[in-house]
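Scroll down for the structure; my scribbles are underneath it.
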Amino acid sequence: MDPPIGLAHSGRVIRVLLAVLVLLAACARTSDGEEEHRDGPPAQRAFYYWRTTLRLSDAERRAVTELGVARIYLRMFDVVWQDGAAAQVGVVAVEDRPPTGVEVVPVVFVRDEVLRRLPRKQLPELAQRTWDTVAERMKLLGGAPRELQLDCDWTDSTRDAYFDLVRRVRELARGVALSATIRLHQIKYRERTGVPPVDRGMLMFYNMGKLVADREARAIFDAGTAEKYLARIADYPLPLDAALPIWAWALHVRDDRVVELLQRTDPDDLARADFLRPDGPDRYVATRTTFLDGAMLREGDQLKVEAMGPAEALAAARMLAPRLAAALPGAPRTVSLFDLSERNLRRHGKDQLDQVFRAVR
Amino acid sequence: MARISSTRSSARFASCAAVAALVAASVALREPADACIGPMYTILDTTTFDPSILPDVAEGLYYDPDVPGFGGGCAPSCPPTSILADWRGYLKDTGVADEEWSRLLFKASANELAALGARLDGKRVPVPPGYESSSLWKVPAPQQKKVRAALQFVELARAVEPLADLTGRPKHPGTLLSDARNALAATKDPFLAQRYAFQILRLLFYQRDWAGAVAFFDLNAAAFATPSTALLFQARYYLAGALARGKHTARANLELARIHASYPPLAAVAAEEFKPRQDADWTETMRLARDVREKVQLWRIAGVAKDGIAAMQEMLKLDPKSNLYALLMVRELNRAESTGLDLDTGIADPKEVAARKKSFAALAAIAQKLIATPGADSVWLMQLVVGHIAAKQGDLGAARTNLNAALAARPKDPKVASQVRASLAIAHAHDWKFSSEEELARAMSSLDASFARTGSVRTEVRGELSKLYAKAGKIIDAELLRVAEPATPAEEAAYKKRWADVPFLKEMIARTSRTSTEFDRFLLKDAPTRANLERELAARYLVDGDLASAHRMFSTTTATSELLHTDPFVMHVVDCHDCDHETYESAKWTHANVAARLAELEQKARAGGEAGAEAALALGNALYNLTWFGNARVFLAETHAARTRDTRAAERWYKLAFDLSKNRELKARAAFFAAKAELGQLIGEQSYVASLPVPARWYPVVKTMSDTRYYKEILAECGHYKAWAGVPPPRPPVRKHP
């Protein structure tokens, strides 16, 4: 039964007041003057591992251990639409295991297109194949998962198919907690996009803008854009974990248009490349036609670098922290950094990543 | 124009409580259907330059953004074909039948091969079933040794096949590798030597012995080189794979470039596999190239795989006389043409348009350089490209000069002639003078049947002219030339108004009679036909309530009339479009006889009395059913009145029926149907209504019929009415003053 209008209104006021009180109680100042949240148990620390071969370098292994990382969210495979059918591509090759005690959470990325095109009657088969491959891969890692995460940028037009898939996977993965990645637009427009039938959501606090050539535009993390989505995090009807960005990429730009996204490009390498000259902050111009990370650069093409450095990552964490704390005060959650790689570790450093982890509870 | 298929797609349309949900459902239903049909436009729609003008281009190498990779060429089918051709040549004097050898090569089991071999060796083993009268037994004595050796090779190759798998762990080859090496060492026959070498290479490859495979190829280069070119390049393809997997990116890419340049059947897959990663490996690849030609080949494959303009610019620095420009030029021209197009709205992103112009300029500059280079290859193609680009940019003079030069260089090539005409028509359209009507029409009418871009050229030319004619006030011609929906809301409003105007439709019909000039015929060729325009006018009369004129159109002109596969005079409490189409699939009703019946009913209704009331009710039913809400929407499909939601005419006839009749059962029907028509107007053009509105004019009237049998039917079937009738409307909330 819905409460009468007056009570509903006062209930909302009470909830807002409670949230404010929680915020006030949970905030403290750090040595650099920033507010830090100290309410509740420390968040469980995690990394996303997004390469197609699981093989940790010494530096990656060391970072996992020294930062007290408890979980690795491991991309298992992508489900894509290929030759008129759903197909698994890039199934992870397991050549290594994470350090002892680190839990592996398998993640399956499902392209929205698959849900648009796949006849609904084929969803059970897709769910079965998805679970079978996850279970088979997880055997190589020592056993069944405790949690399985589905990653999909579903929209209002694909929500029914996606939620159906989620339910079917849940039926197959008995006893396994199910989580789903939640993008910011899915938080803000939840009435349209719906809330997936999972146990937890992993809020992706990144990918905030379009890939555009403009100098100022930021696609990975933009505080101004983030601000517009924050208001609705606290009352999202799922327990939320958080994924924060620590990566960098470069946009290949020609004639003011983005030609290609270079996801694996290390900004540090660009400064050393003899075929590039700097063109203002975070910009390079190709001085001859050649190749960079598989992209063919024409003489005159530009590279726009967008890198999450320690300061940006910490800013993102501090921006998100109070909203998460207000959602379910004191509830345990996981904070996962995207993604684990030597170059990201190098750019951030252990102490800075430790600060990012500390910022969110 | 509305499509018939979409009008029949939604499952069930109800005028009662279910309407709201179903309006949404019908919208949702269409989405997956559209999503499943693949891209709305293909490369055939987005480009006007026919790439097949180039002779001998390997399959899969034309530019097509909708095809992943490069189409694959004949990779899956060409090895068996080339292998068979090789063997046919080798065994031609032995008397072994081609079909039989094909069976031995590809189908015979290991046991069968072993038994056949033993038999040829003179051993007393049973002949495998099916080989009793084999041509193997008739091989002349001098050739028997050759056939036996060939069969031994096939036995080995068959044993290798199960090991050719990269998906799991490598399977142990047992003694196969040493057997093959021994056979290679023993044979003096170059044909068999090449084949044994190939099998050894495959074995090493599938054992993941990348270094071993590369070393073996290098050491046995002479054995690989002859006699079969096909086998040589297939071996090179394995070599490239081993190099790439062994992280020798630079040399792997060089091998792929060699395959791409010299062996068309694998050219497309080689381009797909070609993956330079970094400046260092690319520089190394260039360094490994034997000569300038190989360097040019490297840029060409880079151009196919990545960026043809940049590649051609680099090729120009190396060798402007190379014969490797043509494919890249055509690919990049098609790429540029299809950049930044929005064929639905005609409105493109300005950045995309600027990029297209820049690409055109770059391509024209490259082509001009080649034209100016004495001894350059395919100068005619470059002239054609320059002419085509000039045409797209509206420079008729430059287009004509270059296109004529291309035509002069290739006077007997029908594809060139068609492209020249097509490009010239495009140039006229973009640099328009009304005095050019005849020349443009002649160019369009003389496109050869083999020209693969007739459709897109027609769309571009007609679309451009349609805008120009509208601007010049020649609205009738502009509409006949129209290829796209109106681009802006203002244009759409004017367009709808125009097509709802009877004098305009009459003028359109009259214009179809003028066919004396070439331009008249061009104008009418892809325009709505006279019969369709006459049906359009008939539909307009009908929607406007002029039923007699509608009937006259169908009975005195060629207006298109077809079976409707439904009964527009049937009406239910709850509408069901698809049920009625199923039930009345073989009904006699056509456009023409429905119009005739409506005219007849109108006369009866005007006469009044109970018969008039019955006729008015039938008229209401039919006119309701012709709207988007009814079961006979198909009547107006293919006309500009399609999917109309205007139910006012139906309501008027229902009111007349209600007023005329003294029969309370008929009155109850008329009142309830009038309420449905009223509800249709309340819903109007909304695609989604959260809560169904109440027909305030007619529901109260329906309520006064509560003593009728039909009223009980209404209560039984129509939840919306029942809810309204049973529960008083909610009172507005009481607002307290502050």
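Naming works like this for the structure tokens: A, B, ... for the chains as they're shown, residue 1 at the start of each chain, ligands 1 onward in shown order.
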- request: Dump as a list in words the residues of chain B that approach chain A to within 6 Å, counting only C-alpha atoms.
  value: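 The answer, sorted by residue number, is Cys36, Pro276, Arg277, Gln278, Asp279 and Ala310 of chain B.
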DSSP-assigned helix (DSSP H, G or I) members of range 372-565 of chain B, reported as a PyMOL selection string: chain B and resi 379-392+396-409+414-430+434-445+454-471+475-481+489-499+502-511+518-525+530-544+547-556
message: As an exercise, work out the distance from CA of Cys152 in chain A to CA of Leu67 in chain A in Å and give it to one decimal place.
response: 28.5 Å
From a DSSP pass on the backbone, collect the residues of range 64-182 of chain A flagged as strand (DSSP E or B) and hand them back as a short mmCIF file (atom, residue, chain, number, x, y, z; two decimals) with N, CA and C atoms, in the first residue's frame.
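Just written: result_3.cif:
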```
data_model
loop_
_atom_site.label_atom_id
_atom_site.label_comp_id
_atom_site.auth_asym_id
_atom_site.auth_seq_id
_atom_site.Cartn_x
_atom_site.Cartn_y
_atom_site.Cartn_z
N ARG A 71 40.13 -9.10 -4.65
CA ARG A 71 39.38 -9.66 -5.78
C ARG A 71 39.97 -9.19 -7.10
N ILE A 72 39.87 -10.05 -8.08
CA ILE A 72 40.15 -9.62 -9.45
C ILE A 72 38.91 -9.93 -10.29
N TYR A 73 38.38 -8.90 -10.90
CA TYR A 73 37.27 -9.08 -11.83
C TYR A 73 37.89 -9.40 -13.18
N LEU A 74 37.73 -10.63 -13.60
CA LEU A 74 38.44 -11.12 -14.78
C LEU A 74 37.50 -11.22 -15.97
N ARG A 75 37.82 -10.46 -17.01
CA ARG A 75 37.01 -10.56 -18.24
C ARG A 75 37.16 -11.95 -18.82
N MET A 76 36.06 -12.66 -18.94
CA MET A 76 36.10 -14.03 -19.44
C MET A 76 36.05 -14.06 -20.97
N PHE A 77 35.08 -13.34 -21.52
CA PHE A 77 34.91 -13.26 -22.98
C PHE A 77 33.87 -12.21 -23.28
N ASP A 78 33.79 -11.86 -24.55
CA ASP A 78 32.74 -10.95 -25.00
C ASP A 78 31.69 -11.77 -25.75
N VAL A 79 30.44 -11.41 -25.57
CA VAL A 79 29.40 -12.01 -26.39
C VAL A 79 29.02 -10.97 -27.45
N VAL A 80 29.28 -11.31 -28.70
CA VAL A 80 29.07 -10.35 -29.78
C VAL A 80 28.15 -10.97 -30.84
N TRP A 81 27.69 -10.11 -31.72
CA TRP A 81 26.85 -10.58 -32.83
C TRP A 81 27.75 -10.81 -34.03
N GLN A 82 27.84 -12.05 -34.47
CA GLN A 82 28.79 -12.37 -35.54
C GLN A 82 28.12 -13.35 -36.51
N ALA A 85 24.62 -14.57 -35.54
CA ALA A 85 24.40 -15.34 -34.31
C ALA A 85 25.22 -14.74 -33.17
N ALA A 86 24.83 -15.10 -31.95
CA ALA A 86 25.61 -14.66 -30.79
C ALA A 86 26.88 -15.52 -30.74
N ALA A 87 28.01 -14.87 -30.51
CA ALA A 87 29.26 -15.62 -30.49
C ALA A 87 30.13 -15.14 -29.34
N GLN A 88 30.89 -16.07 -28.79
CA GLN A 88 31.84 -15.70 -27.73
C GLN A 88 33.18 -15.40 -28.40
N VAL A 89 33.71 -14.24 -28.15
CA VAL A 89 35.03 -13.93 -28.72
C VAL A 89 35.98 -13.52 -27.61
N ALA A 93 42.55 -16.71 -22.10
CA ALA A 93 43.48 -17.83 -21.99
C ALA A 93 44.10 -17.76 -20.60
N VAL A 94 43.96 -18.85 -19.87
CA VAL A 94 44.44 -18.83 -18.48
C VAL A 94 45.84 -19.42 -18.44
N GLU A 103 40.30 -13.62 -4.76
CA GLU A 103 39.13 -14.23 -5.40
C GLU A 103 39.00 -13.73 -6.84
N VAL A 104 38.65 -14.63 -7.73
CA VAL A 104 38.42 -14.23 -9.12
C VAL A 104 36.91 -14.14 -9.37
N VAL A 105 36.48 -12.97 -9.82
CA VAL A 105 35.07 -12.81 -10.21
C VAL A 105 35.02 -12.75 -11.74
N PRO A 106 34.46 -13.76 -12.35
CA PRO A 106 34.40 -13.74 -13.82
C PRO A 106 33.43 -12.66 -14.30
N VAL A 107 33.81 -12.00 -15.39
CA VAL A 107 32.96 -10.96 -15.97
C VAL A 107 32.71 -11.30 -17.44
N VAL A 108 31.48 -11.25 -17.84
CA VAL A 108 31.13 -11.51 -19.24
C VAL A 108 30.55 -10.23 -19.83
N PHE A 109 31.18 -9.77 -20.90
CA PHE A 109 30.69 -8.55 -21.54
C PHE A 109 29.73 -8.94 -22.67
N VAL A 110 28.52 -8.44 -22.57
CA VAL A 110 27.50 -8.76 -23.59
C VAL A 110 27.20 -7.51 -24.39
N GLU A 147 30.93 -15.28 -7.31
CA GLU A 147 30.11 -14.22 -7.92
C GLU A 147 30.39 -14.22 -9.42
N LEU A 148 29.37 -13.91 -10.18
CA LEU A 148 29.52 -13.75 -11.63
C LEU A 148 28.99 -12.38 -11.99
N GLN A 149 29.75 -11.68 -12.81
CA GLN A 149 29.30 -10.34 -13.19
C GLN A 149 28.98 -10.29 -14.69
N LEU A 150 27.84 -9.70 -15.01
CA LEU A 150 27.48 -9.47 -16.41
C LEU A 150 27.65 -7.99 -16.70
N ASP A 151 28.28 -7.72 -17.81
CA ASP A 151 28.58 -6.34 -18.18
C ASP A 151 27.89 -6.05 -19.50
N ALA A 177 26.47 -15.61 -6.51
CA ALA A 177 25.91 -14.26 -6.49
C ALA A 177 26.05 -13.65 -7.88
N LEU A 178 25.06 -12.90 -8.26
CA LEU A 178 25.10 -12.30 -9.60
C LEU A 178 25.19 -10.79 -9.46
N SER A 179 26.13 -10.22 -10.18
CA SER A 179 26.21 -8.75 -10.19
C SER A 179 26.18 -8.28 -11.64
N ALA A 180 25.87 -6.99 -11.78
CA ALA A 180 25.83 -6.41 -13.12
C ALA A 180 26.49 -5.04 -13.07
N THR A 181 27.16 -4.71 -14.15
CA THR A 181 27.71 -3.36 -14.22
C THR A 181 26.55 -2.38 -14.45
N ILE A 182 26.66 -1.23 -13.81
CA ILE A 182 25.62 -0.22 -13.93
C ILE A 182 26.29 1.06 -14.43
#
```
